[in-house]
Structure formats: C-alpha cells, structure tokens
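This is data.txt. It holds compact mmCIF, N, CA and C atoms.
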# COMPACT_ATOMS: atom_id res chain seq x y z
N MET A 3 9.97 -16.90 12.36
CA MET A 3 11.14 -16.12 12.69
C MET A 3 10.70 -14.69 12.95
N ALA A 4 10.94 -14.18 14.09
CA ALA A 4 10.57 -12.82 14.44
C ALA A 4 11.67 -11.86 13.98
N THR A 5 11.27 -10.65 13.70
CA THR A 5 12.26 -9.65 13.31
C THR A 5 12.91 -9.10 14.55
N ASP A 6 14.18 -8.81 14.48
CA ASP A 6 14.86 -8.14 15.57
C ASP A 6 14.55 -6.66 15.53
N LEU A 7 14.54 -6.08 14.32
CA LEU A 7 14.41 -4.65 14.20
C LEU A 7 14.12 -4.28 12.75
N ILE A 8 13.18 -3.35 12.57
CA ILE A 8 12.96 -2.77 11.24
C ILE A 8 13.37 -1.31 11.36
N VAL A 9 14.34 -0.92 10.54
CA VAL A 9 14.93 0.41 10.62
C VAL A 9 14.89 1.10 9.26
N LYS A 10 14.95 2.44 9.31
CA LYS A 10 15.05 3.20 8.07
C LYS A 10 16.47 3.05 7.52
N LEU A 11 16.57 2.84 6.23
CA LEU A 11 17.86 2.60 5.59
C LEU A 11 18.33 3.85 4.85
N ASP A 12 19.65 3.96 4.72
CA ASP A 12 20.26 5.04 3.97
C ASP A 12 21.31 4.47 3.02
N GLN A 13 22.09 5.35 2.41
CA GLN A 13 23.07 4.94 1.40
C GLN A 13 24.09 3.94 1.93
N THR A 14 24.33 3.91 3.24
CA THR A 14 25.32 2.98 3.77
C THR A 14 24.88 1.52 3.60
N TYR A 15 23.60 1.30 3.33
CA TYR A 15 23.08 -0.05 3.13
C TYR A 15 22.98 -0.44 1.66
N LEU A 16 23.41 0.42 0.76
CA LEU A 16 23.21 0.17 -0.68
C LEU A 16 23.78 -1.18 -1.12
N HIS A 17 24.98 -1.50 -0.71
CA HIS A 17 25.60 -2.78 -1.11
C HIS A 17 24.75 -3.96 -0.63
N ASN A 18 24.27 -3.89 0.61
CA ASN A 18 23.44 -4.96 1.16
C ASN A 18 22.09 -5.07 0.45
N LEU A 19 21.50 -3.91 0.14
CA LEU A 19 20.23 -3.89 -0.61
C LEU A 19 20.41 -4.57 -1.97
N MET A 20 21.49 -4.22 -2.65
CA MET A 20 21.73 -4.78 -3.98
C MET A 20 21.96 -6.28 -3.92
N ALA A 21 22.64 -6.74 -2.89
CA ALA A 21 22.89 -8.19 -2.76
C ALA A 21 21.57 -8.95 -2.64
N ILE A 22 20.65 -8.44 -1.82
CA ILE A 22 19.35 -9.10 -1.66
C ILE A 22 18.52 -8.95 -2.93
N GLU A 23 18.52 -7.76 -3.51
CA GLU A 23 17.77 -7.49 -4.75
C GLU A 23 18.20 -8.48 -5.85
N GLN A 24 19.49 -8.68 -6.00
CA GLN A 24 19.98 -9.56 -7.06
C GLN A 24 19.66 -11.02 -6.80
N GLN A 25 19.54 -11.40 -5.53
CA GLN A 25 19.16 -12.78 -5.21
C GLN A 25 17.67 -13.03 -5.43
N CYS A 26 16.87 -11.98 -5.29
CA CYS A 26 15.42 -12.13 -5.33
C CYS A 26 14.81 -11.96 -6.72
N HIS A 27 15.49 -11.24 -7.60
CA HIS A 27 14.89 -10.91 -8.89
C HIS A 27 15.78 -11.35 -10.05
N ALA A 28 15.18 -12.00 -11.02
CA ALA A 28 15.91 -12.35 -12.24
C ALA A 28 16.29 -11.10 -13.02
N PHE A 29 15.50 -10.04 -12.84
CA PHE A 29 15.75 -8.77 -13.51
C PHE A 29 15.77 -7.67 -12.44
N PRO A 30 16.87 -7.58 -11.67
CA PRO A 30 16.93 -6.65 -10.54
C PRO A 30 17.05 -5.19 -10.97
N MET A 31 16.75 -4.30 -10.01
CA MET A 31 17.00 -2.88 -10.20
C MET A 31 18.49 -2.66 -10.38
N SER A 32 18.83 -1.62 -11.10
CA SER A 32 20.25 -1.24 -11.20
C SER A 32 20.67 -0.58 -9.89
N GLU A 33 21.96 -0.56 -9.64
CA GLU A 33 22.47 0.08 -8.43
C GLU A 33 22.15 1.57 -8.43
N LYS A 34 22.20 2.19 -9.60
CA LYS A 34 21.89 3.62 -9.70
C LYS A 34 20.43 3.88 -9.34
N LEU A 35 19.53 3.05 -9.84
CA LEU A 35 18.11 3.21 -9.51
C LEU A 35 17.87 2.94 -8.02
N MET A 36 18.52 1.90 -7.49
CA MET A 36 18.36 1.59 -6.07
C MET A 36 18.85 2.77 -5.23
N ALA A 37 19.98 3.35 -5.58
CA ALA A 37 20.51 4.49 -4.83
C ALA A 37 19.53 5.66 -4.84
N SER A 38 18.84 5.86 -5.96
CA SER A 38 17.88 6.97 -6.04
C SER A 38 16.65 6.72 -5.17
N CYS A 39 16.43 5.48 -4.78
CA CYS A 39 15.28 5.13 -3.94
C CYS A 39 15.57 5.26 -2.45
N LEU A 40 16.68 5.88 -2.11
CA LEU A 40 17.04 6.03 -0.70
C LEU A 40 16.93 7.47 -0.22
N SER A 41 16.29 8.33 -1.01
CA SER A 41 16.12 9.72 -0.60
C SER A 41 14.98 10.35 -1.38
N GLY A 42 14.73 11.61 -1.11
CA GLY A 42 13.67 12.33 -1.79
C GLY A 42 12.31 11.82 -1.37
N ARG A 43 11.46 11.55 -2.34
CA ARG A 43 10.11 11.08 -2.03
C ARG A 43 10.07 9.58 -1.72
N TYR A 44 11.23 8.95 -1.73
CA TYR A 44 11.34 7.52 -1.43
C TYR A 44 11.89 7.31 -0.03
N SER A 45 11.52 6.21 0.56
CA SER A 45 12.13 5.79 1.81
C SER A 45 12.27 4.28 1.77
N ALA A 46 13.31 3.81 2.43
CA ALA A 46 13.57 2.37 2.48
C ALA A 46 13.69 1.95 3.92
N TYR A 47 13.14 0.79 4.22
CA TYR A 47 13.21 0.22 5.55
C TYR A 47 13.72 -1.21 5.42
N GLY A 48 14.49 -1.62 6.40
CA GLY A 48 15.05 -2.96 6.34
C GLY A 48 14.86 -3.71 7.63
N CYS A 49 14.81 -5.02 7.50
CA CYS A 49 14.69 -5.93 8.62
C CYS A 49 16.08 -6.43 8.97
N LEU A 50 16.51 -6.09 10.18
CA LEU A 50 17.82 -6.52 10.66
C LEU A 50 17.65 -7.66 11.65
N GLN A 51 18.46 -8.68 11.49
CA GLN A 51 18.53 -9.77 12.46
C GLN A 51 20.00 -9.98 12.77
N SER A 52 20.35 -9.91 14.03
CA SER A 52 21.75 -10.00 14.45
C SER A 52 22.61 -9.01 13.65
N ASN A 53 22.07 -7.81 13.48
CA ASN A 53 22.74 -6.71 12.76
C ASN A 53 22.98 -6.97 11.29
N ALA A 54 22.36 -8.00 10.72
CA ALA A 54 22.50 -8.28 9.28
C ALA A 54 21.17 -8.01 8.58
N LEU A 55 21.23 -7.33 7.45
CA LEU A 55 20.03 -7.03 6.68
C LEU A 55 19.48 -8.31 6.06
N GLN A 56 18.22 -8.62 6.37
CA GLN A 56 17.59 -9.84 5.87
C GLN A 56 16.49 -9.56 4.85
N GLY A 57 16.02 -8.32 4.81
CA GLY A 57 14.98 -7.96 3.87
C GLY A 57 14.78 -6.46 3.90
N PHE A 58 14.06 -5.95 2.90
CA PHE A 58 13.81 -4.52 2.83
C PHE A 58 12.56 -4.24 2.02
N TYR A 59 12.07 -3.02 2.19
CA TYR A 59 11.03 -2.52 1.28
C TYR A 59 11.31 -1.07 0.96
N ILE A 60 10.85 -0.66 -0.21
CA ILE A 60 11.01 0.71 -0.66
C ILE A 60 9.62 1.28 -0.90
N LEU A 61 9.40 2.46 -0.33
CA LEU A 61 8.10 3.11 -0.37
C LEU A 61 8.26 4.48 -1.02
N GLU A 62 7.37 4.80 -1.94
CA GLU A 62 7.35 6.12 -2.56
C GLU A 62 6.13 6.87 -2.07
N GLN A 63 6.31 8.14 -1.72
CA GLN A 63 5.18 8.97 -1.30
C GLN A 63 4.96 10.10 -2.29
N VAL A 64 3.73 10.24 -2.75
CA VAL A 64 3.32 11.37 -3.57
C VAL A 64 2.02 11.87 -2.97
N GLY A 65 2.09 13.00 -2.29
CA GLY A 65 0.92 13.53 -1.58
C GLY A 65 0.48 12.53 -0.53
N PRO A 66 -0.83 12.25 -0.47
CA PRO A 66 -1.32 11.31 0.53
C PRO A 66 -1.23 9.84 0.08
N ASP A 67 -0.67 9.63 -1.10
CA ASP A 67 -0.61 8.28 -1.67
C ASP A 67 0.80 7.72 -1.58
N TYR A 68 0.86 6.41 -1.39
CA TYR A 68 2.11 5.69 -1.28
C TYR A 68 2.12 4.54 -2.27
N THR A 69 3.31 4.22 -2.76
CA THR A 69 3.48 3.08 -3.64
C THR A 69 4.59 2.20 -3.09
N LEU A 70 4.29 0.93 -2.94
CA LEU A 70 5.31 -0.05 -2.58
C LEU A 70 6.08 -0.36 -3.85
N MET A 71 7.32 0.11 -3.91
CA MET A 71 8.13 -0.04 -5.11
C MET A 71 8.83 -1.39 -5.19
N ASP A 72 9.20 -1.93 -4.02
CA ASP A 72 9.95 -3.18 -3.99
C ASP A 72 9.89 -3.72 -2.57
N ILE A 73 9.81 -5.02 -2.45
CA ILE A 73 9.92 -5.69 -1.17
C ILE A 73 10.64 -7.00 -1.43
N CYS A 74 11.70 -7.24 -0.66
CA CYS A 74 12.53 -8.43 -0.87
C CYS A 74 12.95 -9.01 0.48
N VAL A 75 13.02 -10.33 0.51
CA VAL A 75 13.54 -11.03 1.67
C VAL A 75 14.65 -11.95 1.18
N ASN A 76 15.76 -11.93 1.89
CA ASN A 76 16.86 -12.84 1.60
C ASN A 76 16.28 -14.25 1.39
N PRO A 77 16.60 -14.92 0.28
CA PRO A 77 16.01 -16.23 0.00
C PRO A 77 16.14 -17.24 1.13
N GLU A 78 17.21 -17.17 1.91
CA GLU A 78 17.39 -18.10 3.03
C GLU A 78 16.32 -17.92 4.11
N ASN A 79 15.70 -16.74 4.14
CA ASN A 79 14.71 -16.44 5.17
C ASN A 79 13.29 -16.27 4.65
N GLN A 80 13.07 -16.59 3.39
CA GLN A 80 11.72 -16.48 2.85
C GLN A 80 10.82 -17.53 3.49
N GLY A 81 9.55 -17.18 3.65
CA GLY A 81 8.58 -18.09 4.24
C GLY A 81 8.61 -18.12 5.76
N LYS A 82 9.32 -17.17 6.36
CA LYS A 82 9.45 -17.14 7.83
C LYS A 82 8.76 -15.94 8.46
N GLY A 83 7.95 -15.23 7.68
CA GLY A 83 7.18 -14.11 8.23
C GLY A 83 7.81 -12.74 8.10
N LEU A 84 8.97 -12.64 7.46
CA LEU A 84 9.62 -11.33 7.36
C LEU A 84 8.85 -10.38 6.44
N ALA A 85 8.38 -10.86 5.33
CA ALA A 85 7.61 -9.99 4.42
C ALA A 85 6.34 -9.51 5.11
N LYS A 86 5.69 -10.39 5.85
CA LYS A 86 4.49 -10.00 6.60
C LYS A 86 4.83 -8.92 7.62
N ALA A 87 5.93 -9.08 8.34
CA ALA A 87 6.35 -8.09 9.34
C ALA A 87 6.66 -6.75 8.67
N MET A 88 7.33 -6.80 7.53
CA MET A 88 7.67 -5.56 6.84
C MET A 88 6.42 -4.88 6.28
N LEU A 89 5.48 -5.66 5.77
CA LEU A 89 4.24 -5.07 5.26
C LEU A 89 3.42 -4.46 6.40
N THR A 90 3.42 -5.10 7.54
CA THR A 90 2.75 -4.54 8.72
C THR A 90 3.41 -3.21 9.10
N HIS A 91 4.75 -3.18 9.08
CA HIS A 91 5.49 -1.95 9.37
C HIS A 91 5.14 -0.87 8.36
N LEU A 92 5.15 -1.21 7.08
CA LEU A 92 4.83 -0.26 6.02
C LEU A 92 3.46 0.37 6.26
N LEU A 93 2.47 -0.44 6.56
CA LEU A 93 1.13 0.09 6.78
C LEU A 93 1.10 1.00 8.01
N GLY A 94 1.92 0.69 9.02
CA GLY A 94 2.03 1.56 10.18
C GLY A 94 2.64 2.92 9.81
N VAL A 95 3.65 2.91 8.95
CA VAL A 95 4.28 4.15 8.48
C VAL A 95 3.24 5.00 7.75
N VAL A 96 2.48 4.38 6.86
CA VAL A 96 1.48 5.10 6.08
C VAL A 96 0.37 5.65 6.99
N LYS A 97 -0.12 4.84 7.90
CA LYS A 97 -1.17 5.30 8.82
C LYS A 97 -0.68 6.45 9.68
N ALA A 98 0.55 6.36 10.19
CA ALA A 98 1.11 7.42 11.04
C ALA A 98 1.22 8.74 10.28
N ALA A 99 1.40 8.68 8.96
CA ALA A 99 1.51 9.87 8.13
C ALA A 99 0.15 10.31 7.57
N ASN A 100 -0.93 9.67 8.03
CA ASN A 100 -2.28 9.94 7.53
C ASN A 100 -2.40 9.72 6.03
N GLY A 101 -1.70 8.70 5.54
CA GLY A 101 -1.79 8.34 4.13
C GLY A 101 -3.19 7.85 3.79
N GLU A 102 -3.55 7.98 2.53
CA GLU A 102 -4.89 7.59 2.09
C GLU A 102 -4.92 6.29 1.31
N ASN A 103 -3.88 6.03 0.53
CA ASN A 103 -3.85 4.85 -0.33
C ASN A 103 -2.44 4.28 -0.40
N VAL A 104 -2.39 2.95 -0.59
CA VAL A 104 -1.13 2.28 -0.89
C VAL A 104 -1.35 1.50 -2.18
N PHE A 105 -0.48 1.71 -3.14
CA PHE A 105 -0.56 1.03 -4.42
C PHE A 105 0.66 0.12 -4.58
N LEU A 106 0.50 -0.91 -5.40
CA LEU A 106 1.63 -1.78 -5.72
C LEU A 106 1.32 -2.50 -7.02
N GLU A 107 2.36 -3.06 -7.59
CA GLU A 107 2.19 -3.95 -8.74
C GLU A 107 3.02 -5.19 -8.45
N VAL A 108 2.54 -6.31 -8.94
CA VAL A 108 3.18 -7.59 -8.65
C VAL A 108 3.09 -8.47 -9.90
N ARG A 109 4.13 -9.24 -10.11
CA ARG A 109 4.11 -10.18 -11.25
C ARG A 109 2.92 -11.12 -11.12
N GLN A 110 2.25 -11.35 -12.21
CA GLN A 110 1.09 -12.25 -12.21
C GLN A 110 1.48 -13.64 -11.71
N SER A 111 2.71 -14.06 -11.95
CA SER A 111 3.15 -15.39 -11.54
C SER A 111 3.52 -15.47 -10.06
N ASN A 112 3.61 -14.34 -9.37
CA ASN A 112 4.04 -14.33 -7.98
C ASN A 112 2.84 -14.53 -7.05
N GLN A 113 2.33 -15.75 -7.05
CA GLN A 113 1.13 -16.06 -6.29
C GLN A 113 1.33 -15.93 -4.78
N ALA A 114 2.52 -16.20 -4.29
CA ALA A 114 2.77 -16.06 -2.85
C ALA A 114 2.62 -14.60 -2.43
N ALA A 115 3.16 -13.69 -3.21
CA ALA A 115 3.04 -12.27 -2.89
C ALA A 115 1.59 -11.80 -3.02
N ILE A 116 0.91 -12.22 -4.07
CA ILE A 116 -0.49 -11.84 -4.24
C ILE A 116 -1.31 -12.32 -3.05
N HIS A 117 -1.06 -13.53 -2.60
CA HIS A 117 -1.77 -14.04 -1.43
C HIS A 117 -1.47 -13.19 -0.19
N LEU A 118 -0.21 -12.84 0.01
CA LEU A 118 0.16 -11.99 1.15
C LEU A 118 -0.59 -10.66 1.08
N TYR A 119 -0.58 -10.02 -0.06
CA TYR A 119 -1.24 -8.72 -0.19
C TYR A 119 -2.75 -8.83 0.07
N THR A 120 -3.37 -9.88 -0.42
CA THR A 120 -4.81 -10.01 -0.20
C THR A 120 -5.12 -10.27 1.28
N THR A 121 -4.21 -10.90 2.02
CA THR A 121 -4.45 -11.08 3.46
C THR A 121 -4.40 -9.75 4.20
N PHE A 122 -3.78 -8.74 3.60
CA PHE A 122 -3.76 -7.39 4.16
C PHE A 122 -4.84 -6.51 3.54
N ASP A 123 -5.78 -7.13 2.83
CA ASP A 123 -6.94 -6.45 2.24
C ASP A 123 -6.63 -5.59 1.01
N PHE A 124 -5.49 -5.82 0.37
CA PHE A 124 -5.26 -5.19 -0.93
C PHE A 124 -6.21 -5.84 -1.92
N VAL A 125 -6.70 -5.05 -2.87
CA VAL A 125 -7.59 -5.57 -3.91
C VAL A 125 -6.98 -5.28 -5.28
N GLU A 126 -7.28 -6.16 -6.21
CA GLU A 126 -6.80 -5.98 -7.58
C GLU A 126 -7.58 -4.85 -8.23
N THR A 127 -6.84 -3.93 -8.86
CA THR A 127 -7.47 -2.78 -9.50
C THR A 127 -7.25 -2.74 -11.01
N GLY A 128 -6.39 -3.61 -11.52
CA GLY A 128 -6.13 -3.61 -12.95
C GLY A 128 -4.94 -4.49 -13.30
N VAL A 129 -4.60 -4.44 -14.58
CA VAL A 129 -3.49 -5.23 -15.11
C VAL A 129 -2.68 -4.35 -16.05
N ARG A 130 -1.38 -4.43 -15.95
CA ARG A 130 -0.50 -3.82 -16.95
C ARG A 130 0.02 -4.96 -17.81
N LYS A 131 -0.44 -5.01 -19.03
CA LYS A 131 -0.05 -6.08 -19.95
C LYS A 131 1.43 -5.98 -20.31
N ASN A 132 2.09 -7.14 -20.31
CA ASN A 132 3.48 -7.24 -20.75
C ASN A 132 4.41 -6.24 -20.05
N TYR A 133 4.21 -6.05 -18.77
CA TYR A 133 4.94 -5.02 -18.03
C TYR A 133 6.35 -5.45 -17.61
N TYR A 134 6.45 -6.64 -17.07
CA TYR A 134 7.74 -7.12 -16.54
C TYR A 134 8.49 -7.96 -17.57
N PRO A 135 9.81 -7.80 -17.64
CA PRO A 135 10.59 -8.74 -18.47
C PRO A 135 10.58 -10.12 -17.80
N SER A 136 10.61 -11.14 -18.62
CA SER A 136 10.68 -12.51 -18.09
C SER A 136 11.57 -13.35 -18.98
N GLU A 137 11.87 -14.53 -18.51
CA GLU A 137 12.73 -15.44 -19.28
C GLU A 137 12.13 -15.75 -20.65
N SER A 138 10.81 -15.75 -20.74
CA SER A 138 10.14 -16.11 -22.00
C SER A 138 9.51 -14.91 -22.70
N GLY A 139 9.99 -13.70 -22.39
CA GLY A 139 9.44 -12.51 -23.04
C GLY A 139 8.99 -11.48 -22.04
N ARG A 140 7.68 -11.32 -21.87
CA ARG A 140 7.12 -10.32 -20.96
C ARG A 140 6.03 -10.97 -20.11
N GLU A 141 5.76 -10.36 -18.97
CA GLU A 141 4.76 -10.87 -18.04
C GLU A 141 3.89 -9.72 -17.55
N ASP A 142 2.61 -10.00 -17.35
CA ASP A 142 1.68 -8.98 -16.87
C ASP A 142 1.96 -8.62 -15.41
N ALA A 143 1.65 -7.38 -15.06
CA ALA A 143 1.69 -6.91 -13.68
C ALA A 143 0.25 -6.78 -13.19
N ILE A 144 -0.01 -7.30 -12.03
CA ILE A 144 -1.31 -7.12 -11.37
C ILE A 144 -1.20 -5.86 -10.53
N LEU A 145 -2.10 -4.92 -10.71
CA LEU A 145 -2.13 -3.70 -9.92
C LEU A 145 -3.05 -3.93 -8.73
N MET A 146 -2.57 -3.52 -7.55
CA MET A 146 -3.35 -3.71 -6.33
C MET A 146 -3.33 -2.41 -5.53
N ALA A 147 -4.37 -2.24 -4.70
CA ALA A 147 -4.46 -1.03 -3.87
C ALA A 147 -5.13 -1.33 -2.55
N LEU A 148 -4.81 -0.51 -1.58
CA LEU A 148 -5.45 -0.54 -0.26
C LEU A 148 -5.73 0.89 0.12
N SER A 149 -6.98 1.17 0.46
CA SER A 149 -7.37 2.52 0.89
C SER A 149 -7.66 2.52 2.37
N PHE A 150 -7.33 3.62 3.03
CA PHE A 150 -7.57 3.75 4.47
C PHE A 150 -8.81 4.57 4.73
Take the structure in the file and give it back as structure tokens.
Amino acid sequence: MATDLIVKLDQTYLHNLMAIEQQCHAFPMSEKLMASCLSGRYSAYGCLQSNALQGFYILEQVGPDYTLMDICVNPENQGKGLAKAMLTHLLGVVKAANGENVFLEVRQSNQAAIHLYTTFDFVETGVRKNYYPSESGREDAILMALSF
C-alpha cells in the first residue's frame, strides 16, 4: 500500500492521533502528553490516505540530535509498508536539517519494529531495564541509534 501523502500535523489532528495511539498501544500516551508533542521541539507527521490519517510519527529535536518518540500505524493497515514509508520520511527530515543522530527505544517484545529499524541500519546501543509497563509487570526497552 503506497502512501498518498505524509504531512506535518498540528493540533487539529489530535483526536485522530489519539484514536490511532489507543488502538496501537496497551498503555497509550495521554491526550495531554500527545498535545504537547505537536509543538516546540517536537514535530509530528502523518500518513494520509484518501484524506484519512492512517499513521503518524513524533520526532523530538535537541540540537543536532533527534529522537523518534512514537510511531503508529492504524492496525487495519499494519504490514502494508506505511511504517517503512514514514521512517524513510523521518530520515529525510533529519538529513535535510543536517541532523547527526536519531535515537529511539522499542519494547523488547516488538520484534517487527526492531527488524524494521535494523533494516534502516539502526543499531542497539543499550537496554533500559523494566522501562515499559506491561500486562505482566514491566518490560525492557531496547535503545537504538543511527548516526549520519
């Protein structure tokens, strides 16, 4: 499935962002936190198909470094290349801004995401023990980075 358009998102998309966030995560961001990720040192981009938001990512910039804070695809469209398209877009945004590094953390159990990141040459740089809440307690976060 090809993307129709990846666009920068603003507060008018908050409801749509939250709907996808809640479908994708057992422990989603709060609406207040999501709203704070739409301005300042954060930017959000979304994949629109037929004018409907199908996925998004949130990027934080601190100096020449960027952190992928969240990336989600509507469950109905997962496995169709949208995350790959958004990650390609993200790396284009960082390169255009002469960014030096992209960091991210991912649940240890999210093997599909880890595989995607490694295909883009992200490497594991560490582990945050018991970082994420899970149904059975806590789960480790795998830290990954890509340098330009």
### Message
Could you check the closest approach to A:Phe29 for each of A:Pro135, A:Gly83, A:Gly101, A:Gly42 and tell me which residue wins, using only N, CA and C atoms?
### Response
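That would be A:Pro135, the residue with the smallest distance to A:Phe29.
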### Message
Show me, as a ChimeraX atom specification, the residues that have an atom within 8 Å of A:Cys74 when counting only C-alpha atoms, minus same-chain residues fewer than 2 positions from it.
### Response
/A:22-23,26,57-59,72,76,85
Output file for the selection above: N, CA and C atoms, as an mmCIF file, in the frame of the given file:
data_model
loop_
_atom_site.group_PDB
_atom_site.id
_atom_site.type_symbol
_atom_site.label_atom_id
_atom_site.label_comp_id
_atom_site.auth_asym_id
_atom_site.auth_seq_id
_atom_site.Cartn_x
_atom_site.Cartn_y
_atom_site.Cartn_z
ATOM 1 N N ILE A 22 20.650 -8.440 -1.820
ATOM 2 C CA ILE A 22 19.350 -9.100 -1.660
ATOM 3 C C ILE A 22 18.520 -8.950 -2.930
ATOM 4 N N GLU A 23 18.520 -7.760 -3.510
ATOM 5 C CA GLU A 23 17.770 -7.490 -4.750
ATOM 6 C C GLU A 23 18.200 -8.480 -5.850
ATOM 7 N N CYS A 26 16.870 -11.980 -5.290
ATOM 8 C CA CYS A 26 15.420 -12.130 -5.330
ATOM 9 C C CYS A 26 14.810 -11.960 -6.720
ATOM 10 N N GLY A 57 16.020 -8.320 4.810
ATOM 11 C CA GLY A 57 14.980 -7.960 3.870
ATOM 12 C C GLY A 57 14.780 -6.460 3.900
ATOM 13 N N PHE A 58 14.060 -5.950 2.900
ATOM 14 C CA PHE A 58 13.810 -4.520 2.830
ATOM 15 C C PHE A 58 12.560 -4.240 2.020
ATOM 16 N N TYR A 59 12.070 -3.020 2.190
ATOM 17 C CA TYR A 59 11.030 -2.520 1.280
ATOM 18 C C TYR A 59 11.310 -1.070 0.960
ATOM 19 N N ASP A 72 9.200 -1.930 -4.020
ATOM 20 C CA ASP A 72 9.950 -3.180 -3.990
ATOM 21 C C ASP A 72 9.890 -3.720 -2.570
ATOM 22 N N ASN A 76 15.760 -11.930 1.890
ATOM 23 C CA ASN A 76 16.860 -12.840 1.600
ATOM 24 C C ASN A 76 16.280 -14.250 1.390
ATOM 25 N N ALA A 85 8.380 -10.860 5.330
ATOM 26 C CA ALA A 85 7.610 -9.990 4.420
ATOM 27 C C ALA A 85 6.340 -9.510 5.110
#
### Message
If you run DSSP on the backbone here, which positions in chain A get strand (DSSP E or B)? Please write them as a PyMOL selection string.
### Response
chain A and resi 7-11+44-51+54-64+67-75+103-109+125-136+139-149
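Of the residues listed (A:Lys97, A:Lys131, A:Arg109, A:His91), A:Lys97 shows the shortest atom-to-atom separation from A:Phe150; distances use only C-alpha atoms.
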### Among the residues A:Thr69, A:Val129, A:Val64, A:Gly48, the one that comes closest to A:Met88 [using only N, CA and C atoms]
A:Gly48
### Task
Just give me the gap between atom CA of A:Ser149 and atom CA of A:Thr120 in Å, one decimal is fine.
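Those two atoms sit 12.8 Å apart.
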### Task
To one decimal in Å, tell me the separation between atom CA of A:Arg130 and atom C of A:Leu16.
29.1 Å
### Query
Counting all atoms listed in the file, what is within 8 Å of A:Asn18, bar same-chain residues fewer than 6 positions away, as JSON, numbers by chain?
{"A": [24, 55, 56]}
### Two-atom distance - atom CA of A:Asn79, atom CA of A:Asn103 (Å)
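Interatomic distance, atom CA of A:Asn79 to atom CA of A:Asn103: 28.8 Å.
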### Query
Using only C-alpha atoms, which of the listed residues (A:Gln13, A:Ala143, A:Arg43, A:Leu7) sits closest to A:Glu107?
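Answer, going by the shortest atom-to-atom distance: A:Ala143.
In this comparison, which uses only N, CA and C atoms, the residue of A:Ile73, A:Leu40, A:Leu35, A:Leu148 approaching A:Glu102 most closely is A:Leu148.
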### Task
Could you give me, as a PyMOL selection string, the residues within 8 Å of A:Asp12, counting all atoms listed in the file and dropping anything in the same chain fewer than 6 positions from it?
chain A and resi 37+39-41+45-48
### Message
What's around A:Ile116 at 10 Å? Count only C-alpha atoms, leave out sequence neighbours fewer than 5 positions away in its own chain, and write the answer as a PyMOL selection string.
### Response
chain A and resi 107-111+121+124-126+144+146
### Message
If you run DSSP on the backbone here, which positions in stretch 18-137 of chain A get alpha helix (DSSP H)? Please write them as a ChimeraX atom specification.
### Response
/A:18-26,33-38,84-98,113-121
### Selected residue, from A:Ala87, A:Leu50, A:Met71, A:Met36, that lies nearest to A:Val9 when counting only N, CA and C atoms
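The closest residue to A:Val9 is A:Leu50.
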